[in-house]
>>> print(open('run_39.pdb').read())   # PDB, C-alpha atoms
ATOM      1  CA  MET A 917      36.895 -94.247 -79.354
ATOM      2  CA  ARG A 918      39.019 -91.588 -81.115
ATOM      3  CA  ILE A 919      41.021 -93.548 -83.641
ATOM      4  CA  GLY A 920      43.388 -91.516 -85.779
ATOM      5  CA  LEU A 921      42.133 -88.076 -84.718
ATOM      6  CA  PRO A 922      44.522 -85.605 -83.078
ATOM      7  CA  LYS A 923      44.128 -85.043 -79.336
ATOM      8  CA  TRP A 924      43.909 -81.237 -79.638
ATOM      9  CA  LEU A 925      40.715 -81.645 -81.677
ATOM     10  CA  PHE A 926      38.857 -82.671 -78.515
ATOM     11  CA  ASN A 927      40.123 -79.809 -76.354
ATOM     12  CA  ARG A 928      37.219 -78.231 -74.434
ATOM     13  CA  GLN A 929      38.677 -74.706 -74.683
ATOM     14  CA  LEU A 930      39.008 -75.032 -78.453
ATOM     15  CA  GLY A 931      35.377 -76.103 -78.661
ATOM     16  CA  ARG A 932      34.255 -73.070 -76.656
ATOM     17  CA  THR A 933      36.346 -70.741 -78.767
ATOM     18  CA  LEU A 934      34.987 -72.170 -82.007
ATOM     19  CA  GLY A 935      31.473 -71.934 -80.593
ATOM     20  CA  TRP A 936      31.905 -68.239 -79.773
ATOM     21  CA  ILE A 937      33.370 -67.553 -83.220
ATOM     22  CA  ALA A 938      30.434 -69.329 -84.861
ATOM     23  CA  LEU A 939      27.971 -67.339 -82.730
ATOM     24  CA  ILE A 940      29.623 -64.020 -83.621
ATOM     25  CA  VAL A 941      29.608 -64.850 -87.333
ATOM     26  CA  PHE A 942      25.970 -65.942 -87.122
ATOM     27  CA  VAL A 943      24.961 -62.685 -85.387
ATOM     28  CA  ALA A 944      26.869 -60.591 -87.944
ATOM     29  CA  VAL A 945      25.206 -62.372 -90.855
ATOM     30  CA  ALA A 946      21.793 -62.077 -89.192
ATOM     31  CA  VAL A 947      22.212 -58.326 -88.580
ATOM     32  CA  ASN A 948      23.187 -57.771 -92.203
ATOM     33  CA  LEU A 949      20.292 -59.858 -93.509
ATOM     34  CA  VAL A 950      17.815 -57.973 -91.311
ATOM     35  CA  GLY A 951      19.313 -54.651 -92.406
ATOM     36  CA  ILE A 952      19.080 -55.585 -96.058
ATOM     37  CA  ARG A 953      15.500 -56.717 -95.546
ATOM     38  CA  LEU A 954      14.549 -53.464 -93.797
ATOM     39  CA  VAL A 955      15.952 -51.116 -96.446
ATOM     40  CA  GLY A 956      15.106 -53.215 -99.481
ATOM     41  CA  ASP A 957      18.368 -54.269-101.097
ATOM     42  CA  ALA A 958      22.087 -54.721-100.455
ATOM     43  CA  HIS A 959      23.119 -51.529-102.265
ATOM     44  CA  THR A 960      20.840 -49.361-100.120
ATOM     45  CA  TRP A 961      22.055 -51.159 -96.990
ATOM     46  CA  SER A 962      25.665 -50.483 -97.982
ATOM     47  CA  ARG A 963      24.856 -46.810 -98.599
ATOM     48  CA  TRP A 964      23.105 -46.582 -95.200
ATOM     49  CA  LEU A 965      26.175 -48.071 -93.493
ATOM     50  CA  ASP A 966      28.430 -45.552 -95.263
ATOM     51  CA  GLU A 967      26.185 -42.625 -94.263
ATOM     52  CA  HIS A 968      26.299 -43.661 -90.609
ATOM     53  CA  ALA A 969      30.012 -44.481 -90.471
ATOM     54  CA  GLY A 970      30.653 -41.714 -87.927
ATOM     55  CA  TYR A 971      28.299 -43.308 -85.422
ATOM     56  CA  PHE A 972      29.976 -46.657 -85.917
ATOM     57  CA  LEU A 973      33.382 -45.012 -85.322
ATOM     58  CA  VAL A 974      32.150 -43.602 -82.005
ATOM     59  CA  TRP A 975      30.764 -47.038 -81.103
ATOM     60  CA  ARG A 976      34.081 -48.718 -81.897
ATOM     61  CA  LEU A 977      36.038 -46.140 -79.882
ATOM     62  CA  CYS A 978      33.745 -46.723 -76.865
ATOM     63  CA  LEU A 979      34.145 -50.462 -77.305
ATOM     64  CA  TYR A 980      37.940 -50.144 -77.515
ATOM     65  CA  GLY A 981      37.947 -47.971 -74.392
ATOM     66  CA  ALA A 982      35.865 -50.476 -72.414
ATOM     67  CA  THR A 983      38.081 -53.309 -73.650
ATOM     68  CA  ALA A 984      41.248 -51.419 -72.660
ATOM     69  CA  TYR A 985      39.814 -50.752 -69.193
ATOM     70  CA  GLY A 986      38.962 -54.435 -68.762
ATOM     71  CA  TRP A 987      42.355 -55.470 -70.075
ATOM     72  CA  ILE A 988      44.182 -53.198 -67.606
ATOM     73  CA  TRP A 989      42.078 -54.563 -64.737
ATOM     74  CA  MET A 990      42.742 -58.148 -65.800
ATOM     75  CA  ARG A 991      46.448 -57.480 -66.411
ATOM     76  CA  ARG A 992      46.896 -56.071 -62.917
ATOM     77  CA  ARG A 993      45.269 -59.154 -61.395
ATOM     78  CA  LEU A 994      47.354 -61.542 -63.515
ATOM     79  CA  ARG A 995      50.581 -59.739 -62.627
ATOM     80  CA  GLU A 996      49.740 -60.000 -58.916
ATOM     81  CA  ARG A 997      49.060 -63.722 -59.239
ATOM     82  CA  ASP A 998      52.046 -64.603 -61.464
ATOM     83  CA  THR A 999      55.117 -62.375 -61.398
ATOM     84  CA  SER A1000      57.319 -64.581 -63.579
ATOM     85  CA  ARG A1001      59.092 -63.275 -66.657
ATOM     86  CA  GLU A1002      57.315 -65.847 -68.842
ATOM     87  CA  ALA A1003      53.897 -64.587 -67.757
ATOM     88  CA  HIS A1004      54.986 -61.027 -68.513
ATOM     89  CA  GLN A1005      56.162 -62.086 -71.983
ATOM     90  CA  ARG A1006      52.847 -63.864 -72.695
ATOM     91  CA  LEU A1007      50.894 -60.758 -71.678
ATOM     92  CA  LEU A1008      53.125 -58.558 -73.797
ATOM     93  CA  ARG A1009      52.632 -60.793 -76.857
ATOM     94  CA  ALA A1010      48.868 -60.760 -76.319
ATOM     95  CA  GLU A1011      48.871 -56.964 -76.018
ATOM     96  CA  VAL A1012      50.937 -56.500 -79.160
ATOM     97  CA  GLY A1013      48.697 -58.915 -81.054
ATOM     98  CA  ALA A1014      45.522 -57.167 -79.871
ATOM     99  CA  VAL A1015      46.799 -53.706 -80.779
ATOM    100  CA  ALA A1016      47.998 -54.958 -84.182
ATOM    101  CA  ALA A1017      44.592 -56.532 -84.873
ATOM    102  CA  ILE A1018      42.766 -53.318 -83.952
ATOM    103  CA  VAL A1019      45.107 -51.174 -86.050
ATOM    104  CA  LEU A1020      44.690 -53.480 -89.060
ATOM    105  CA  LEU A1021      40.916 -53.466 -88.608
ATOM    106  CA  GLU A1022      40.781 -49.666 -88.537
ATOM    107  CA  ILE A1023      43.131 -49.388 -91.530
ATOM    108  CA  SER A1024      40.876 -51.713 -93.496
ATOM    109  CA  VAL A1025      37.871 -49.544 -92.577
ATOM    110  CA  LEU A1026      39.729 -46.392 -93.700
ATOM    111  CA  LEU A1027      40.835 -47.966 -96.975
ATOM    112  CA  ARG A1028      37.264 -49.038 -97.745
ATOM    113  CA  GLN A1029      35.908 -45.493 -97.542
ATOM    114  CA  PRO A1030      35.702 -43.587-100.846
TER     115      PRO A1030
END
>>> encode(input="run_39.pdb", output="structure tokens")
Amino acid sequence: MRIGLPKWLFNRQLGRTLGWIALIVFVAVAVNLVGIRLVGDAHTWSRWLDEHAGYFLVWRLCLYGATAYGWIWMRRRLRERDTSREAHQRLLRAEVGAVAAIVLLEISVLLRQP
């Protein structure tokens, strides 16, 4: 029995989303710990990441390109299924949010570089 707890807390979609976020954070921490272990210490790992920043930029650009391709494919299918103005507005808000998140991420990467 769920006494006093909000209903949204037991939403299945929320649980999946939180699970994916936890998995991504776990993988990121694990990759960093393995990297630090391989090179010896955190300072050397940080230096290695800085020296290979160009490769990571290419990787991110490929990832953004694949994501944009998938988004366009999905958008076309959603627009065929639901042609309402509200659906268009939801897609537009999601697109603006995604582009803003990517721009902020890349700005933070640029500001971090010496």
>>> resolve_selection(input="run_39.pdb", expression="the PyMOL selection byres ((chain A and resi 1008-1015) around 12)", output="list in words")
Tyr980, Thr983, Ala984, Trp987, Ile988, Met990, Arg991, Arg995, Arg1001, Glu1002, Ala1003, His1004, Gln1005, Arg1006, Leu1007, Ala1016, Ala1017, Ile1018, Val1019, Leu1020, Leu1021 and Glu1022 of chain A
>>> atom_distance(input="run_39.pdb", atom1="atom CA of Arg997 of chain A", atom2="atom CA of Gln929 of chain A")
21.6 Å
>>> atom_distance(input="run_39.pdb", atom1="atom CA of Tyr985 of chain A", atom2="atom CA of Val1025 of chain A")
23.5 Å
>>> atom_distance(input="run_39.pdb", atom1="atom CA of Ser962 of chain A", atom2="atom CA of Arg1028 of chain A")
11.7 Å
>>> closest_residue(input="run_39.pdb", among="A:Ile952, A:Ser1024, A:Leu977, A:Ala982", to="Leu965 of chain A", atoms="all atoms listed in the file")
A:Ile952
>>> axis_aligned_box(input="run_39.pdb", around="segment 961-974 of chain A", padding_each_side="6 Å", output="AutoDock Vina command-line options")
--center_x 27.7 --center_y -46.4 --center_z -90.3 --size_x 23.3 --size_y 21.4 --size_z 28.6
>>> resolve_selection(input="run_39.pdb", expression="the PyMOL selection byres ((chain A and resi 948) around 12)", output="list in words")
Val941, Phe942, Val943, Ala944, Val945, Ala946, Val947, Leu949, Val950, Gly951, Ile952, Arg953, Leu954, Val955, Gly956, Asp957, Ala958, His959, Thr960, Trp961, Ser962, Trp964 and Leu965 of chain A
